[in-house]
Amino acid sequence: MNKNIAIVWGGYSSEKVISEKSAAGIYSFLDKIRYNIFKVKIDRTSWEAEYHGVTIPINKNDFSFVANGQTVKIHFAYITIHGTPGEDGTLQGYFDMLGIPYSNCGVLASALTFNKFTCNHFLKSFGIRVADSVILRRNDPFRPGDIVSGLGLPLFVKPNVGGSSFATAKVKEASQLEKAVEDAFLEAPEVIIESFIAGTEVTCGCFETDKGFTALPLTEVVTTNEFFDFNAKYNGQVEEITPARISDGLTLTIQRETEKIYRLIGAKGIIRADYIISDNQPVLLEVNTTPGMTSTSFIPQQAAAAGLSMTDILTGIIETEYKKAREASSALP
């Protein structure tokens, strides 16, 4: 019997539009002979499965839906929500309670990495280099001059949770800081302010299946924009070079550091770690446990450079996590 796979997309943030693109990418990669594949959209007003061109409400009691008088039970969830509730551990907890295996990190790793400030300081305690930063919560008083004195200029202001560079700003003058913070608070209840680090930006994807751990080739990110912002990410204002134009030794160092991070946070499935190379040393920017999965996203680029098939990678992840879940619970079909 073919497994029923739900590609879960949508979410509650501005990143919903990116989630939809990733869902389309994942659908294109999945093995349609081996699996029955359904897209499931989650937002604040509804949970709906797409079934032969029509939308059907999801039963939240067991994440099933009824089509043609038959109940369709989901055997595996491929989560591609960039933001809450799919990247912060909330949805993972729901699936854990139902005994439905899923593609990405569990509750703790997802919640940890979703909070940039907390994650970076956790990893810093294990020797991972990160940028200096401060955290602001809504209604916290702050003095722009004090922050500039501590972190210098330029600096980056961004929502502490989320991604895709929404409400992220590079601040070059102290007079710009307050407005940048206000804009970031429109996207999230916490704002992180980080020191600027000059260097070469690279990103490293990796994953693990029952066949072992794989660190993918690095991608070098080159943009004429102020930084790798939304337009650079999604509107083509960037050059992405895979493999990155760095030494084999530095590449191996970053791949090993990415595996170290994978182990420290207790990751599973595919993750991506972003770095700035400064003084020939990698400085971690952030960890992404739900990376973009369009046909031109970093992970598919890196898989192609490694001579790997995205279909095989996703099949390996699904089968590995399904097997582990089945061994842990006799309730699975």
# chains A, B, ... in the order shown; residues from 1 in each chain; ligands from 1
>>> select_by_dssp(residues="range 41-165 of chain A", states="helix (DSSP H, G or I)", output="ChimeraX atom specification")
/A:90-98,107-114,116-124,144-151
>>> residues_around(residues="Asn36 in chain A", least_positions_apart="5", cutoff="10 Å", atoms="only C-alpha atoms", output="NGL selection string")
:A and (1-6 or 30-31 or 74-75)
>>> write_last_selection(atoms="N, CA and C atoms", output="PDB file, in the first residue's frame")
ATOM      1  N   MET A   1       0.833  -1.195   0.000  1.00  0.00           N
ATOM      2  CA  MET A   1       0.000   0.000   0.000  1.00  0.00           C
ATOM      3  C   MET A   1       0.874   1.254   0.000  1.00  0.00           C
ATOM      4  N   ASN A   2       0.607   2.161  -0.911  1.00  0.00           N
ATOM      5  CA  ASN A   2       1.363   3.407  -0.950  1.00  0.00           C
ATOM      6  C   ASN A   2       1.082   4.255   0.287  1.00  0.00           C
ATOM      7  N   LYS A   3       2.117   4.889   0.789  1.00  0.00           N
ATOM      8  CA  LYS A   3       1.913   5.806   1.912  1.00  0.00           C
ATOM      9  C   LYS A   3       1.278   7.103   1.427  1.00  0.00           C
ATOM     10  N   ASN A   4       0.415   7.656   2.256  1.00  0.00           N
ATOM     11  CA  ASN A   4      -0.188   8.958   1.984  1.00  0.00           C
ATOM     12  C   ASN A   4       0.697  10.036   2.600  1.00  0.00           C
ATOM     13  N   ILE A   5       1.264  10.886   1.755  1.00  0.00           N
ATOM     14  CA  ILE A   5       2.191  11.930   2.196  1.00  0.00           C
ATOM     15  C   ILE A   5       1.498  13.280   2.089  1.00  0.00           C
ATOM     16  N   ALA A   6       1.495  14.032   3.182  1.00  0.00           N
ATOM     17  CA  ALA A   6       0.961  15.398   3.171  1.00  0.00           C
ATOM     18  C   ALA A   6       2.108  16.390   3.098  1.00  0.00           C
ATOM     19  N   LEU A  30       9.001  14.662  -5.078  1.00  0.00           N
ATOM     20  CA  LEU A  30       8.564  13.417  -4.454  1.00  0.00           C
ATOM     21  C   LEU A  30       8.221  12.346  -5.495  1.00  0.00           C
ATOM     22  N   ASP A  31       8.432  11.114  -5.091  1.00  0.00           N
ATOM     23  CA  ASP A  31       8.192   9.954  -5.951  1.00  0.00           C
ATOM     24  C   ASP A  31       6.688   9.686  -6.019  1.00  0.00           C
ATOM     25  N   ILE A  74      -3.285  10.240   6.860  1.00  0.00           N
ATOM     26  CA  ILE A  74      -1.942  10.663   6.468  1.00  0.00           C
ATOM     27  C   ILE A  74      -0.917   9.829   7.226  1.00  0.00           C
ATOM     28  N   HIS A  75       0.024   9.256   6.476  1.00  0.00           N
ATOM     29  CA  HIS A  75       1.061   8.429   7.087  1.00  0.00           C
ATOM     30  C   HIS A  75       2.339   9.204   7.385  1.00  0.00           C
TER      31      HIS A  75
END
>>> closest_atom_pairs(of="range 83-168 of chain A", to="range 41-60 of chain A", cutoff="10 Å", atoms="only C-alpha atoms", output="CSV")
residue,atom,partner,partner_atom,distance
A:Thr84,CA,A:Asp43,CA,9.8
A:Pro85,CA,A:Ile42,CA,8.8
A:Gly86,CA,A:Ile42,CA,9.2
A:Tyr94,CA,A:Lys60,CA,9.4
A:Leu98,CA,A:Lys60,CA,9.9
>>> residues_around(residues="Ile299 in chain A", least_positions_apart="2", cutoff="10 Å", atoms="only C-alpha atoms", output="ChimeraX atom specification")
/A:203-206,216-219,270-272,291-297,301-305,310
>>> closest_atom_pairs(of="range 178-282 of chain A", to="range 312-330 of chain A", cutoff="10 Å", atoms="only C-alpha atoms", output="JSON lines")
{"residue": "A:Phe207", "atom": "CA", "partner": "A:Ile317", "partner_atom": "CA", "distance": 8.2}
{"residue": "A:Glu208", "atom": "CA", "partner": "A:Ile317", "partner_atom": "CA", "distance": 7.3}
{"residue": "A:Thr209", "atom": "CA", "partner": "A:Ile317", "partner_atom": "CA", "distance": 5.5}
{"residue": "A:Asp210", "atom": "CA", "partner": "A:Thr320", "partner_atom": "CA", "distance": 5.7}
{"residue": "A:Lys211", "atom": "CA", "partner": "A:Gly316", "partner_atom": "CA", "distance": 8.3}
{"residue": "A:Lys268", "atom": "CA", "partner": "A:Glu321", "partner_atom": "CA", "distance": 8.7}
{"residue": "A:Gly269", "atom": "CA", "partner": "A:Ile317", "partner_atom": "CA", "distance": 6.0}
{"residue": "A:Ile270", "atom": "CA", "partner": "A:Ile317", "partner_atom": "CA", "distance": 8.3}
>>> closest_residue(among="A:Val8, A:Ile147, A:Val181, A:Val283", to="Tyr102 in chain A", atoms="only C-alpha atoms")
A:Val8
>>> atom_distance(atom1="CA of Ser175 in chain A", atom2="CA of Leu153 in chain A")
11.4 Å
>>> decode(residues="range 91-244 of chain A", atoms="C-alpha atoms", output="PDB file, in the first residue's frame")
ATOM      1  CA  LEU A  91       3.129  21.630  14.585  1.00  0.00           C
ATOM      2  CA  GLN A  92       5.787  19.071  15.441  1.00  0.00           C
ATOM      3  CA  GLY A  93       4.262  18.677  18.900  1.00  0.00           C
ATOM      4  CA  TYR A  94       0.838  18.154  17.331  1.00  0.00           C
ATOM      5  CA  PHE A  95       2.147  15.427  15.034  1.00  0.00           C
ATOM      6  CA  ASP A  96       4.050  13.817  17.910  1.00  0.00           C
ATOM      7  CA  MET A  97       0.799  13.535  19.870  1.00  0.00           C
ATOM      8  CA  LEU A  98      -0.915  11.916  16.882  1.00  0.00           C
ATOM      9  CA  GLY A  99       1.981   9.567  16.191  1.00  0.00           C
ATOM     10  CA  ILE A 100       2.437  10.890  12.641  1.00  0.00           C
ATOM     11  CA  PRO A 101       6.090  11.033  11.565  1.00  0.00           C
ATOM     12  CA  TYR A 102       7.344  14.162   9.832  1.00  0.00           C
ATOM     13  CA  SER A 103      10.263  15.406   7.796  1.00  0.00           C
ATOM     14  CA  ASN A 104      12.104  17.941   9.892  1.00  0.00           C
ATOM     15  CA  CYS A 105      13.450  18.618  13.373  1.00  0.00           C
ATOM     16  CA  GLY A 106      11.479  17.781  16.484  1.00  0.00           C
ATOM     17  CA  VAL A 107       9.931  20.140  19.013  1.00  0.00           C
ATOM     18  CA  LEU A 108      13.064  21.140  20.937  1.00  0.00           C
ATOM     19  CA  ALA A 109      15.405  21.581  17.964  1.00  0.00           C
ATOM     20  CA  SER A 110      12.745  23.480  16.009  1.00  0.00           C
ATOM     21  CA  ALA A 111      11.922  25.822  18.893  1.00  0.00           C
ATOM     22  CA  LEU A 112      15.607  26.409  19.634  1.00  0.00           C
ATOM     23  CA  THR A 113      16.657  27.231  16.071  1.00  0.00           C
ATOM     24  CA  PHE A 114      13.564  29.344  15.424  1.00  0.00           C
ATOM     25  CA  ASN A 115      14.821  31.769  18.068  1.00  0.00           C
ATOM     26  CA  LYS A 116      17.990  33.161  16.465  1.00  0.00           C
ATOM     27  CA  PHE A 117      19.359  34.835  19.599  1.00  0.00           C
ATOM     28  CA  THR A 118      18.865  31.810  21.852  1.00  0.00           C
ATOM     29  CA  CYS A 119      20.176  29.345  19.278  1.00  0.00           C
ATOM     30  CA  ASN A 120      23.311  31.332  18.514  1.00  0.00           C
ATOM     31  CA  HIS A 121      24.153  31.753  22.183  1.00  0.00           C
ATOM     32  CA  PHE A 122      23.522  28.049  22.830  1.00  0.00           C
ATOM     33  CA  LEU A 123      25.906  27.126  20.020  1.00  0.00           C
ATOM     34  CA  LYS A 124      28.415  29.769  21.107  1.00  0.00           C
ATOM     35  CA  SER A 125      28.802  27.887  24.387  1.00  0.00           C
ATOM     36  CA  PHE A 126      30.132  24.931  22.359  1.00  0.00           C
ATOM     37  CA  GLY A 127      32.725  26.990  20.514  1.00  0.00           C
ATOM     38  CA  ILE A 128      30.728  27.984  17.431  1.00  0.00           C
ATOM     39  CA  ARG A 129      31.658  31.542  16.381  1.00  0.00           C
ATOM     40  CA  VAL A 130      28.668  33.898  16.107  1.00  0.00           C
ATOM     41  CA  ALA A 131      28.171  37.640  15.727  1.00  0.00           C
ATOM     42  CA  ASP A 132      27.793  39.818  18.816  1.00  0.00           C
ATOM     43  CA  SER A 133      24.123  40.651  19.342  1.00  0.00           C
ATOM     44  CA  VAL A 134      21.428  42.020  21.634  1.00  0.00           C
ATOM     45  CA  ILE A 135      17.789  41.037  21.973  1.00  0.00           C
ATOM     46  CA  LEU A 136      14.875  43.459  22.296  1.00  0.00           C
ATOM     47  CA  ARG A 137      11.374  42.474  23.360  1.00  0.00           C
ATOM     48  CA  ARG A 138       8.325  44.562  22.703  1.00  0.00           C
ATOM     49  CA  ASN A 139       8.120  47.597  25.032  1.00  0.00           C
ATOM     50  CA  ASP A 140      11.713  47.143  26.171  1.00  0.00           C
ATOM     51  CA  PRO A 141      13.372  50.557  26.491  1.00  0.00           C
ATOM     52  CA  PHE A 142      16.532  50.923  24.468  1.00  0.00           C
ATOM     53  CA  ARG A 143      19.061  53.599  23.683  1.00  0.00           C
ATOM     54  CA  PRO A 144      20.233  53.583  20.054  1.00  0.00           C
ATOM     55  CA  GLY A 145      23.486  55.202  21.087  1.00  0.00           C
ATOM     56  CA  ASP A 146      24.255  52.467  23.608  1.00  0.00           C
ATOM     57  CA  ILE A 147      23.577  49.739  21.069  1.00  0.00           C
ATOM     58  CA  VAL A 148      25.764  51.394  18.454  1.00  0.00           C
ATOM     59  CA  SER A 149      28.526  51.848  21.026  1.00  0.00           C
ATOM     60  CA  GLY A 150      28.367  48.149  21.866  1.00  0.00           C
ATOM     61  CA  LEU A 151      27.957  46.637  18.397  1.00  0.00           C
ATOM     62  CA  GLY A 152      29.362  49.312  16.098  1.00  0.00           C
ATOM     63  CA  LEU A 153      28.125  50.304  12.644  1.00  0.00           C
ATOM     64  CA  PRO A 154      26.861  49.045  10.359  1.00  0.00           C
ATOM     65  CA  LEU A 155      24.653  46.521  12.120  1.00  0.00           C
ATOM     66  CA  PHE A 156      21.729  44.294  11.249  1.00  0.00           C
ATOM     67  CA  VAL A 157      18.221  44.498  12.652  1.00  0.00           C
ATOM     68  CA  LYS A 158      15.831  41.627  12.056  1.00  0.00           C
ATOM     69  CA  PRO A 159      12.945  39.724  13.633  1.00  0.00           C
ATOM     70  CA  ASN A 160      14.312  37.241  16.134  1.00  0.00           C
ATOM     71  CA  VAL A 161      11.979  34.571  14.778  1.00  0.00           C
ATOM     72  CA  GLY A 162      11.169  33.881  11.148  1.00  0.00           C
ATOM     73  CA  GLY A 163      13.241  34.095   8.015  1.00  0.00           C
ATOM     74  CA  SER A 164      13.194  35.057   4.349  1.00  0.00           C
ATOM     75  CA  SER A 165      14.628  38.477   5.325  1.00  0.00           C
ATOM     76  CA  PHE A 166      11.215  40.037   5.947  1.00  0.00           C
ATOM     77  CA  ALA A 167      11.661  43.265   7.978  1.00  0.00           C
ATOM     78  CA  THR A 168      15.450  42.867   7.985  1.00  0.00           C
ATOM     79  CA  ALA A 169      17.540  46.015   7.651  1.00  0.00           C
ATOM     80  CA  LYS A 170      21.190  46.942   7.444  1.00  0.00           C
ATOM     81  CA  VAL A 171      21.621  50.051   9.589  1.00  0.00           C
ATOM     82  CA  LYS A 172      24.498  52.349   8.685  1.00  0.00           C
ATOM     83  CA  GLU A 173      23.659  55.328  10.915  1.00  0.00           C
ATOM     84  CA  ALA A 174      22.411  55.504  14.479  1.00  0.00           C
ATOM     85  CA  SER A 175      19.496  57.668  13.317  1.00  0.00           C
ATOM     86  CA  GLN A 176      18.156  54.705  11.272  1.00  0.00           C
ATOM     87  CA  LEU A 177      18.085  52.259  14.157  1.00  0.00           C
ATOM     88  CA  GLU A 178      14.806  53.159  15.830  1.00  0.00           C
ATOM     89  CA  LYS A 179      12.811  52.910  12.579  1.00  0.00           C
ATOM     90  CA  ALA A 180      14.448  49.585  11.719  1.00  0.00           C
ATOM     91  CA  VAL A 181      13.503  48.194  15.128  1.00  0.00           C
ATOM     92  CA  GLU A 182       9.904  49.401  14.714  1.00  0.00           C
ATOM     93  CA  ASP A 183       9.664  47.686  11.332  1.00  0.00           C
ATOM     94  CA  ALA A 184      11.042  44.438  12.709  1.00  0.00           C
ATOM     95  CA  PHE A 185       8.519  44.492  15.552  1.00  0.00           C
ATOM     96  CA  LEU A 186       5.739  44.498  12.955  1.00  0.00           C
ATOM     97  CA  GLU A 187       6.870  41.001  11.980  1.00  0.00           C
ATOM     98  CA  ALA A 188       7.714  39.462  15.370  1.00  0.00           C
ATOM     99  CA  PRO A 189       7.499  40.137  19.133  1.00  0.00           C
ATOM    100  CA  GLU A 190      11.289  40.025  19.503  1.00  0.00           C
ATOM    101  CA  VAL A 191      14.028  41.787  17.553  1.00  0.00           C
ATOM    102  CA  ILE A 192      17.678  40.794  17.306  1.00  0.00           C
ATOM    103  CA  ILE A 193      20.369  43.383  16.564  1.00  0.00           C
ATOM    104  CA  GLU A 194      23.681  41.963  15.360  1.00  0.00           C
ATOM    105  CA  SER A 195      27.098  43.368  14.622  1.00  0.00           C
ATOM    106  CA  PHE A 196      28.159  43.454  10.985  1.00  0.00           C
ATOM    107  CA  ILE A 197      30.818  40.997   9.877  1.00  0.00           C
ATOM    108  CA  ALA A 198      32.511  41.569   6.540  1.00  0.00           C
ATOM    109  CA  GLY A 199      33.403  38.543   4.482  1.00  0.00           C
ATOM    110  CA  THR A 200      32.189  35.889   2.066  1.00  0.00           C
ATOM    111  CA  GLU A 201      28.725  34.464   2.694  1.00  0.00           C
ATOM    112  CA  VAL A 202      28.271  30.722   2.227  1.00  0.00           C
ATOM    113  CA  THR A 203      25.613  28.207   3.143  1.00  0.00           C
ATOM    114  CA  CYS A 204      25.871  24.478   3.813  1.00  0.00           C
ATOM    115  CA  GLY A 205      23.007  22.018   3.615  1.00  0.00           C
ATOM    116  CA  CYS A 206      23.035  18.585   5.196  1.00  0.00           C
ATOM    117  CA  PHE A 207      20.763  15.680   6.037  1.00  0.00           C
ATOM    118  CA  GLU A 208      20.750  12.285   7.671  1.00  0.00           C
ATOM    119  CA  THR A 209      19.023   9.028   6.761  1.00  0.00           C
ATOM    120  CA  ASP A 210      19.527   5.454   7.895  1.00  0.00           C
ATOM    121  CA  LYS A 211      22.395   5.357   5.395  1.00  0.00           C
ATOM    122  CA  GLY A 212      24.309   7.986   7.358  1.00  0.00           C
ATOM    123  CA  PHE A 213      25.024  11.717   7.447  1.00  0.00           C
ATOM    124  CA  THR A 214      25.621  13.761   4.298  1.00  0.00           C
ATOM    125  CA  ALA A 215      27.084  17.267   4.182  1.00  0.00           C
ATOM    126  CA  LEU A 216      26.373  18.863   0.812  1.00  0.00           C
ATOM    127  CA  PRO A 217      28.676  21.116  -1.225  1.00  0.00           C
ATOM    128  CA  LEU A 218      28.666  24.750  -0.105  1.00  0.00           C
ATOM    129  CA  THR A 219      26.999  27.577  -2.010  1.00  0.00           C
ATOM    130  CA  GLU A 220      28.633  31.006  -2.179  1.00  0.00           C
ATOM    131  CA  VAL A 221      26.164  33.897  -2.083  1.00  0.00           C
ATOM    132  CA  VAL A 222      27.116  37.018  -4.044  1.00  0.00           C
ATOM    133  CA  THR A 223      24.775  39.998  -4.322  1.00  0.00           C
ATOM    134  CA  THR A 224      25.152  43.653  -5.244  1.00  0.00           C
ATOM    135  CA  ASN A 225      22.389  44.468  -2.738  1.00  0.00           C
ATOM    136  CA  GLU A 226      23.325  45.656   0.735  1.00  0.00           C
ATOM    137  CA  PHE A 227      22.908  42.056   1.944  1.00  0.00           C
ATOM    138  CA  PHE A 228      21.142  38.824   1.042  1.00  0.00           C
ATOM    139  CA  ASP A 229      17.700  40.401   1.360  1.00  0.00           C
ATOM    140  CA  PHE A 230      14.269  39.305   0.114  1.00  0.00           C
ATOM    141  CA  ASN A 231      14.876  40.575  -3.415  1.00  0.00           C
ATOM    142  CA  ALA A 232      18.201  38.804  -3.566  1.00  0.00           C
ATOM    143  CA  LYS A 233      16.665  35.570  -2.288  1.00  0.00           C
ATOM    144  CA  TYR A 234      13.536  35.457  -4.382  1.00  0.00           C
ATOM    145  CA  ASN A 235      13.742  38.034  -7.171  1.00  0.00           C
ATOM    146  CA  GLY A 236      17.009  36.990  -8.742  1.00  0.00           C
ATOM    147  CA  GLN A 237      19.215  39.819  -7.456  1.00  0.00           C
ATOM    148  CA  VAL A 238      21.965  37.407  -6.475  1.00  0.00           C
ATOM    149  CA  GLU A 239      24.596  35.081  -7.871  1.00  0.00           C
ATOM    150  CA  GLU A 240      24.669  31.677  -6.213  1.00  0.00           C
ATOM    151  CA  ILE A 241      27.846  29.722  -6.902  1.00  0.00           C
ATOM    152  CA  THR A 242      27.884  26.003  -6.111  1.00  0.00           C
ATOM    153  CA  PRO A 243      30.361  24.761  -5.102  1.00  0.00           C
ATOM    154  CA  ALA A 244      31.670  27.850  -3.331  1.00  0.00           C
TER     155      ALA A 244
END
